[in-house]
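Structure file start_31.pdb with PDB, C-alpha atoms:
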MODEL        1
ATOM      1  CA  MET A  19       0.000   0.000   0.000  1.00  0.00           C
ATOM      2  CA  LYS A  20       1.247   3.446  -0.965  1.00  0.00           C
ATOM      3  CA  LEU A  21       0.110   6.995  -0.235  1.00  0.00           C
ATOM      4  CA  CYS A  22      -1.621   8.357  -3.346  1.00  0.00           C
ATOM      5  CA  TYR A  23      -3.980  11.141  -2.200  1.00  0.00           C
ATOM      6  CA  VAL A  24      -4.627  13.421   0.795  1.00  0.00           C
ATOM      7  CA  THR A  25      -7.717  15.538   1.416  1.00  0.00           C
ATOM      8  CA  ASP A  26      -9.939  16.704   4.285  1.00  0.00           C
ATOM      9  CA  SER A  27      -7.742  15.092   6.960  1.00  0.00           C
ATOM     10  CA  PHE A  28      -7.789  11.703   5.221  1.00  0.00           C
ATOM     11  CA  ALA A  29      -4.886   9.927   3.538  1.00  0.00           C
ATOM     12  CA  PHE A  30      -5.610   7.340   0.833  1.00  0.00           C
ATOM     13  CA  PHE A  31      -3.358   4.345   0.185  1.00  0.00           C
ATOM     14  CA  THR A  32      -3.470   2.135  -2.899  1.00  0.00           C
ATOM     15  CA  PRO A  33      -2.184  -1.371  -3.605  1.00  0.00           C
ATOM     16  CA  LEU A  34      -1.513  -0.294  -7.209  1.00  0.00           C
ATOM     17  CA  THR A  35       1.582   1.520  -8.424  1.00  0.00           C
ATOM     18  CA  LEU A  36       1.295   5.305  -8.346  1.00  0.00           C
ATOM     19  CA  GLU A  37       1.286   5.280 -12.143  1.00  0.00           C
ATOM     20  CA  GLU A  38      -1.634   2.814 -12.254  1.00  0.00           C
ATOM     21  CA  GLN A  39      -3.766   4.472  -9.564  1.00  0.00           C
ATOM     22  CA  TRP A  40      -6.006   7.228 -10.882  1.00  0.00           C
ATOM     23  CA  GLY A  41      -8.920   9.430  -9.913  1.00  0.00           C
ATOM     24  CA  ASP A  42     -11.182  11.969 -11.555  1.00  0.00           C
ATOM     25  CA  ASP A  43      -9.207  14.907 -13.013  1.00  0.00           C
ATOM     26  CA  TRP A  44      -5.902  13.869 -11.431  1.00  0.00           C
ATOM     27  CA  ASN A  45      -4.040  15.593 -14.246  1.00  0.00           C
ATOM     28  CA  ASP A  46      -5.869  18.929 -13.794  1.00  0.00           C
ATOM     29  CA  LYS A  47      -4.517  21.942 -11.898  1.00  0.00           C
ATOM     30  CA  PRO A  48      -5.151  23.065  -9.263  1.00  0.00           C
ATOM     31  CA  TYR A  49      -5.969  19.643  -7.855  1.00  0.00           C
ATOM     32  CA  GLN A  50      -7.877  20.985  -4.838  1.00  0.00           C
ATOM     33  CA  HIS A  51     -10.566  22.433  -7.135  1.00  0.00           C
ATOM     34  CA  ASN A  52     -10.667  19.611  -9.676  1.00  0.00           C
ATOM     35  CA  ALA A  53      -9.506  16.226  -8.424  1.00  0.00           C
ATOM     36  CA  GLY A  54     -11.693  13.531  -6.951  1.00  0.00           C
ATOM     37  CA  GLU A  55     -10.796  10.759  -4.545  1.00  0.00           C
ATOM     38  CA  PRO A  56      -8.929   7.762  -5.941  1.00  0.00           C
ATOM     39  CA  TYR A  57     -10.879   5.207  -7.928  1.00  0.00           C
ATOM     40  CA  GLU A  58     -11.432   1.932  -6.116  1.00  0.00           C
ATOM     41  CA  ASP A  59     -12.829  -1.484  -6.962  1.00  0.00           C
ATOM     42  CA  ASP A  60     -12.968  -4.944  -5.396  1.00  0.00           C
ATOM     43  CA  THR A  61      -9.604  -5.927  -6.887  1.00  0.00           C
ATOM     44  CA  SER A  62      -7.774  -2.827  -5.641  1.00  0.00           C
ATOM     45  CA  PRO A  63      -9.395  -1.631  -2.394  1.00  0.00           C
ATOM     46  CA  LEU A  64      -8.083   1.526  -0.762  1.00  0.00           C
ATOM     47  CA  LEU A  65      -6.910   1.978   2.810  1.00  0.00           C
ATOM     48  CA  ILE A  66      -8.031   5.289   4.307  1.00  0.00           C
ATOM     49  CA  ILE A  67      -6.351   6.726   7.399  1.00  0.00           C
ATOM     50  CA  GLY A  68      -7.634   9.843   9.143  1.00  0.00           C
ATOM     51  CA  TYR A  69      -5.257  12.261  10.796  1.00  0.00           C
ATOM     52  CA  ARG A  70      -5.300  15.489  12.765  1.00  0.00           C
ATOM     53  CA  GLY A  71      -2.485  17.944  13.341  1.00  0.00           C
ATOM     54  CA  ALA A  72      -0.770  21.119  12.202  1.00  0.00           C
ATOM     55  CA  TYR A  73       0.151  20.224   8.622  1.00  0.00           C
ATOM     56  CA  TYR A  74       0.358  22.129   5.381  1.00  0.00           C
ATOM     57  CA  LEU A  75      -1.291  20.633   2.322  1.00  0.00           C
ATOM     58  CA  PRO A  76       0.316  21.387  -1.057  1.00  0.00           C
ATOM     59  CA  GLU A  77      -2.128  24.199  -1.900  1.00  0.00           C
ATOM     60  CA  GLU A  78      -1.142  25.924   1.352  1.00  0.00           C
ATOM     61  CA  SER A  79       2.596  25.516   0.822  1.00  0.00           C
ATOM     62  CA  TYR A  80       3.236  26.358  -2.819  1.00  0.00           C
ATOM     63  CA  ARG A  81       2.249  29.276  -5.018  1.00  0.00           C
ATOM     64  CA  THR A  82       2.122  27.204  -8.174  1.00  0.00           C
ATOM     65  CA  PRO A  83      -0.982  25.186  -9.151  1.00  0.00           C
ATOM     66  CA  LEU A  84      -0.367  21.469  -8.722  1.00  0.00           C
ATOM     67  CA  SER A  85      -2.063  18.323  -9.992  1.00  0.00           C
ATOM     68  CA  VAL A  86      -2.395  14.991  -8.183  1.00  0.00           C
ATOM     69  CA  LYS A  87      -0.249  13.534 -10.952  1.00  0.00           C
ATOM     70  CA  MET A  88       2.557  15.989 -10.078  1.00  0.00           C
ATOM     71  CA  LEU A  89       2.254  15.172  -6.378  1.00  0.00           C
ATOM     72  CA  ASN A  90       2.318  11.442  -7.077  1.00  0.00           C
ATOM     73  CA  GLN A  91       5.459  11.939  -9.169  1.00  0.00           C
ATOM     74  CA  ARG A  92       6.982  13.243  -5.904  1.00  0.00           C
ATOM     75  CA  MET A  93       7.639  16.726  -7.258  1.00  0.00           C
ATOM     76  CA  TYR A  94       6.082  18.161  -4.075  1.00  0.00           C
ATOM     77  CA  PRO A  95       5.116  16.588  -0.724  1.00  0.00           C
ATOM     78  CA  TRP A  96       1.525  15.748   0.185  1.00  0.00           C
ATOM     79  CA  LEU A  97       2.042  16.948   3.769  1.00  0.00           C
ATOM     80  CA  SER A  98       4.563  19.253   5.383  1.00  0.00           C
ATOM     81  CA  THR A  99       5.191  20.616   8.863  1.00  0.00           C
ATOM     82  CA  GLY A 100       6.421  23.889   7.340  1.00  0.00           C
ATOM     83  CA  CYS A 101       5.468  26.100   4.425  1.00  0.00           C
ATOM     84  CA  GLY A 102       7.222  25.249   1.178  1.00  0.00           C
ATOM     85  CA  PHE A 103       9.971  22.676   1.508  1.00  0.00           C
ATOM     86  CA  LYS A 104      10.736  23.836   5.065  1.00  0.00           C
ATOM     87  CA  GLY A 105      10.068  21.445   7.900  1.00  0.00           C
ATOM     88  CA  GLN A 106       9.463  17.721   7.573  1.00  0.00           C
ATOM     89  CA  ASN A 107       7.795  16.455   4.419  1.00  0.00           C
ATOM     90  CA  LEU A 108       5.802  13.361   3.472  1.00  0.00           C
ATOM     91  CA  TYR A 109       5.684  12.336  -0.181  1.00  0.00           C
ATOM     92  CA  ALA A 110       3.502  10.077  -2.312  1.00  0.00           C
ATOM     93  CA  GLY A 111       4.461   6.437  -2.106  1.00  0.00           C
ATOM     94  CA  ALA A 112       4.871   6.410   1.679  1.00  0.00           C
ATOM     95  CA  SER A 113       3.634   3.221   3.311  1.00  0.00           C
ATOM     96  CA  PRO A 114       0.840   3.342   5.916  1.00  0.00           C
ATOM     97  CA  GLU A 115       3.463   2.615   8.572  1.00  0.00           C
ATOM     98  CA  ASP A 116       5.645   5.515   7.371  1.00  0.00           C
ATOM     99  CA  PHE A 117       2.591   7.791   7.313  1.00  0.00           C
ATOM    100  CA  ILE A 118       1.582   6.862  10.874  1.00  0.00           C
ATOM    101  CA  ARG A 119       5.157   7.340  12.084  1.00  0.00           C
ATOM    102  CA  PHE A 120       5.347  10.767  10.380  1.00  0.00           C
ATOM    103  CA  ILE A 121       2.087  11.937  11.964  1.00  0.00           C
ATOM    104  CA  GLU A 122       2.926  10.632  15.435  1.00  0.00           C
ATOM    105  CA  GLU A 123       6.512  11.965  15.404  1.00  0.00           C
ATOM    106  CA  THR A 124       5.298  15.430  14.354  1.00  0.00           C
ATOM    107  CA  GLY A 125       2.667  15.695  17.089  1.00  0.00           C
ATOM    108  CA  GLY A 126      -0.431  14.617  15.179  1.00  0.00           C
ATOM    109  CA  ASP A 127      -3.108  12.014  15.842  1.00  0.00           C
ATOM    110  CA  ILE A 128      -4.173   9.014  13.731  1.00  0.00           C
ATOM    111  CA  PHE A 129      -7.703   7.714  13.124  1.00  0.00           C
ATOM    112  CA  LEU A 130      -8.520   4.620  11.068  1.00  0.00           C
ATOM    113  CA  LYS A 131     -11.559   4.459   8.831  1.00  0.00           C
ATOM    114  CA  THR A 132     -12.807   1.136   7.529  1.00  0.00           C
ATOM    115  CA  LYS A 133     -15.706   0.286   5.261  1.00  0.00           C
ATOM    116  CA  LYS A 134     -16.106  -3.150   6.824  1.00  0.00           C
ATOM    117  CA  PRO A 135     -15.934  -4.117  10.511  1.00  0.00           C
ATOM    118  CA  LEU A 136     -12.514  -5.244  11.681  1.00  0.00           C
ATOM    119  CA  GLY A 137     -12.126  -8.769  12.993  1.00  0.00           C
ATOM    120  CA  ASN A 138     -14.329 -11.768  12.235  1.00  0.00           C
TER
ENDMDL
END

Is it possible to express this structure as structure tokens?
Amino acid sequence: MKLCYVTDSFAFFTPLTLEEQWGDDWNDKPYQHNAGEPYEDDTSPLLIIGYRGAYYLPEESYRTPLSVKMLNQRMYPWLSTGCGFKGQNLYAGASPEDFIRFIEETGGDIFLKTKKPLGN
């Protein structure tokens, strides 16, 4: 699973490669006004992890319009503790474990969201 999209305090992880994973208008700029959540089906279910903390999203950190495609090519981080490239940054492709570690080490909180009950 790899980080492929972040919005509204939720991080989305895909089992596909970042090149294979897609969503509505992921090549349009600015992504925050155009892009939809990642596409998902039974063969490639998404993992969604909620988070809370003092983080900058790309549209808050950079003056240039960005697309999800650009972010998933690791040209810019999905989350940052500082504006621009200052502070600690988290890029597309991070594993769920790396994401959780980043959030916890930078003072944030993690929340898991599942579509199906855990366990049995």

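For the set A:Thr25, A:Gln106, A:Ser85, A:Thr32, the residue with the smallest atom-to-atom gap to A:Pro63 is A:Thr32, counting only C-alpha atoms.
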
message: (0.7, 5.2, -7.9) in this file's frame - what residues fall within 9 Å of it? Use all atoms listed in the file and give the answer as an MDAnalysis selection string.
response: chainID A and resid 20:22 32:40 87 90:91 110:111

message: Taking the file as I've supplied it (selection: the PyMOL selection byres ((chain A and resi 102) around 10)), which residues are included? Please answer as a list in words.
response: Tyr74, Leu75, Pro76, Glu77, Glu78, Ser79, Tyr80, Arg81, Tyr94, Pro95, Ser98, Thr99, Gly100, Cys101, Phe103, Lys104, Gly105 and Asn107 of chain A

message: List the spatial neighbours of A:Phe30 as a PyMOL selection string - criterion: any atom at most 7 Å away, only C-alpha atoms, same-chain residues fewer than 2 positions off excluded.
response: chain A and resi 21-24+28+32+64-67

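Interatomic distance, atom CA of A:Ser27 to atom CA of A:Pro114: 14.6 Å.
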
To test your reading of the syntax: which residues would the PyMOL selection byres ((chain A and resi 56) around 6) return for the file shown? Reply as an mmCIF file with C-alpha atoms, keeping the file's coordinate frame.
data_model
loop_
_atom_site.group_PDB
_atom_site.id
_atom_site.type_symbol
_atom_site.label_atom_id
_atom_site.label_comp_id
_atom_site.auth_asym_id
_atom_site.auth_seq_id
_atom_site.Cartn_x
_atom_site.Cartn_y
_atom_site.Cartn_z
ATOM 1 C CA TRP A 40 -6.006 7.228 -10.882
ATOM 2 C CA GLY A 41 -8.920 9.430 -9.913
ATOM 3 C CA GLU A 55 -10.796 10.759 -4.545
ATOM 4 C CA TYR A 57 -10.879 5.207 -7.928
#

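A straight line drawn from atom CA of A:Asp26 to atom CA of A:Ile118 is 16.5 Å long.
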
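Each of A:Ala29, A:Glu123, A:Asn52, A:Asp59 was compared to A:Leu97 using only C-alpha atoms, and A:Ala29 turns out to be the nearest.
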
What residues come out when you apply the PyMOL selection byres ((chain A and resi 71) around 7) to this file, written as a compact mmCIF listing (two decimals) with C-alpha atoms, in the frame of the given file?
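Saved result, result.txt, follows:
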# COMPACT_ATOMS: atom_id res chain seq x y z
CA TYR A 69 -5.26 12.26 10.80
CA ARG A 70 -5.30 15.49 12.76
CA ALA A 72 -0.77 21.12 12.20
CA TYR A 73 0.15 20.22 8.62
CA GLY A 125 2.67 15.70 17.09
CA GLY A 126 -0.43 14.62 15.18
CA ASP A 127 -3.11 12.01 15.84

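Atom CA of A:Phe31 lies 19.5 Å from atom CA of A:Leu84.
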
- prompt: Between A:Arg92, A:Pro83, A:Gly54, A:Ile128, which is the closest to A:Ala112 once you count all atoms listed in the file?
  reply: A:Arg92

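Of the residues under consideration (A:Thr124, A:Met19, A:Phe117, A:Leu108), A:Phe117 shows the shortest atom-to-atom contact distance to A:Gly68 when counting only C-alpha atoms.
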
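The shortest atom-to-atom distance to A:Val86, with all atoms listed in the file taken into account, belongs to A:Ala53 out of A:Glu115, A:Ala53, A:Ile121, A:Glu58.
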
Once N, CA and C atoms are restored for stretch 22-42 of chain A, what would the output be as a PDB file, keeping the file's coordinate frame?
ATOM      1  N   CYS A  22      -1.353   7.847  -1.999  1.00  0.00           N
ATOM      2  CA  CYS A  22      -1.621   8.357  -3.346  1.00  0.00           C
ATOM      3  C   CYS A  22      -2.494   9.604  -3.359  1.00  0.00           C
ATOM      4  N   TYR A  23      -3.073   9.998  -2.202  1.00  0.00           N
ATOM      5  CA  TYR A  23      -3.980  11.141  -2.200  1.00  0.00           C
ATOM      6  C   TYR A  23      -4.229  11.570  -0.762  1.00  0.00           C
ATOM      7  N   VAL A  24      -4.321  12.885  -0.529  1.00  0.00           N
ATOM      8  CA  VAL A  24      -4.627  13.421   0.795  1.00  0.00           C
ATOM      9  C   VAL A  24      -5.642  14.544   0.622  1.00  0.00           C
ATOM     10  N   THR A  25      -6.709  14.481   1.428  1.00  0.00           N
ATOM     11  CA  THR A  25      -7.717  15.538   1.416  1.00  0.00           C
ATOM     12  C   THR A  25      -8.551  15.485   2.690  1.00  0.00           C
ATOM     13  N   ASP A  26      -9.009  16.623   3.151  1.00  0.00           N
ATOM     14  CA  ASP A  26      -9.939  16.704   4.285  1.00  0.00           C
ATOM     15  C   ASP A  26      -9.534  15.831   5.466  1.00  0.00           C
ATOM     16  N   SER A  27      -8.279  15.856   5.835  1.00  0.00           N
ATOM     17  CA  SER A  27      -7.742  15.092   6.960  1.00  0.00           C
ATOM     18  C   SER A  27      -7.802  13.580   6.776  1.00  0.00           C
ATOM     19  N   PHE A  28      -7.839  13.129   5.518  1.00  0.00           N
ATOM     20  CA  PHE A  28      -7.789  11.703   5.221  1.00  0.00           C
ATOM     21  C   PHE A  28      -6.675  11.441   4.216  1.00  0.00           C
ATOM     22  N   ALA A  29      -5.930  10.364   4.455  1.00  0.00           N
ATOM     23  CA  ALA A  29      -4.886   9.927   3.538  1.00  0.00           C
ATOM     24  C   ALA A  29      -5.336   8.613   2.906  1.00  0.00           C
ATOM     25  N   PHE A  30      -5.176   8.504   1.591  1.00  0.00           N
ATOM     26  CA  PHE A  30      -5.610   7.340   0.833  1.00  0.00           C
ATOM     27  C   PHE A  30      -4.386   6.556   0.370  1.00  0.00           C
ATOM     28  N   PHE A  31      -4.449   5.238   0.552  1.00  0.00           N
ATOM     29  CA  PHE A  31      -3.358   4.345   0.185  1.00  0.00           C
ATOM     30  C   PHE A  31      -3.879   3.316  -0.812  1.00  0.00           C
ATOM     31  N   THR A  32      -3.088   3.047  -1.832  1.00  0.00           N
ATOM     32  CA  THR A  32      -3.470   2.135  -2.899  1.00  0.00           C
ATOM     33  C   THR A  32      -2.533   0.929  -2.961  1.00  0.00           C
ATOM     34  N   PRO A  33      -3.061  -0.231  -3.368  1.00  0.00           N
ATOM     35  CA  PRO A  33      -2.184  -1.371  -3.605  1.00  0.00           C
ATOM     36  C   PRO A  33      -1.537  -1.322  -4.993  1.00  0.00           C
ATOM     37  N   LEU A  34      -2.042  -0.434  -5.854  1.00  0.00           N
ATOM     38  CA  LEU A  34      -1.513  -0.294  -7.209  1.00  0.00           C
ATOM     39  C   LEU A  34      -0.245   0.553  -7.191  1.00  0.00           C
ATOM     40  N   THR A  35       0.470   0.578  -8.315  1.00  0.00           N
ATOM     41  CA  THR A  35       1.582   1.520  -8.424  1.00  0.00           C
ATOM     42  C   THR A  35       0.992   2.922  -8.537  1.00  0.00           C
ATOM     43  N   LEU A  36       1.791   3.926  -8.243  1.00  0.00           N
ATOM     44  CA  LEU A  36       1.295   5.305  -8.346  1.00  0.00           C
ATOM     45  C   LEU A  36       0.953   5.674  -9.783  1.00  0.00           C
ATOM     46  N   GLU A  37       1.590   5.026 -10.734  1.00  0.00           N
ATOM     47  CA  GLU A  37       1.286   5.280 -12.143  1.00  0.00           C
ATOM     48  C   GLU A  37      -0.050   4.642 -12.539  1.00  0.00           C
ATOM     49  N   GLU A  38      -0.391   3.510 -11.930  1.00  0.00           N
ATOM     50  CA  GLU A  38      -1.634   2.814 -12.254  1.00  0.00           C
ATOM     51  C   GLU A  38      -2.849   3.418 -11.543  1.00  0.00           C
ATOM     52  N   GLN A  39      -2.647   3.917 -10.324  1.00  0.00           N
ATOM     53  CA  GLN A  39      -3.766   4.472  -9.564  1.00  0.00           C
ATOM     54  C   GLN A  39      -4.197   5.797 -10.179  1.00  0.00           C
ATOM     55  N   TRP A  40      -5.497   6.007 -10.269  1.00  0.00           N
ATOM     56  CA  TRP A  40      -6.006   7.228 -10.882  1.00  0.00           C
ATOM     57  C   TRP A  40      -7.276   7.655 -10.184  1.00  0.00           C
ATOM     58  N   GLY A  41      -7.673   8.872 -10.419  1.00  0.00           N
ATOM     59  CA  GLY A  41      -8.920   9.430  -9.913  1.00  0.00           C
ATOM     60  C   GLY A  41      -9.392  10.486 -10.888  1.00  0.00           C
ATOM     61  N   ASP A  42     -10.599  10.974 -10.660  1.00  0.00           N
ATOM     62  CA  ASP A  42     -11.182  11.969 -11.555  1.00  0.00           C
ATOM     63  C   ASP A  42     -10.343  13.247 -11.588  1.00  0.00           C
TER      64      ASP A  42
END
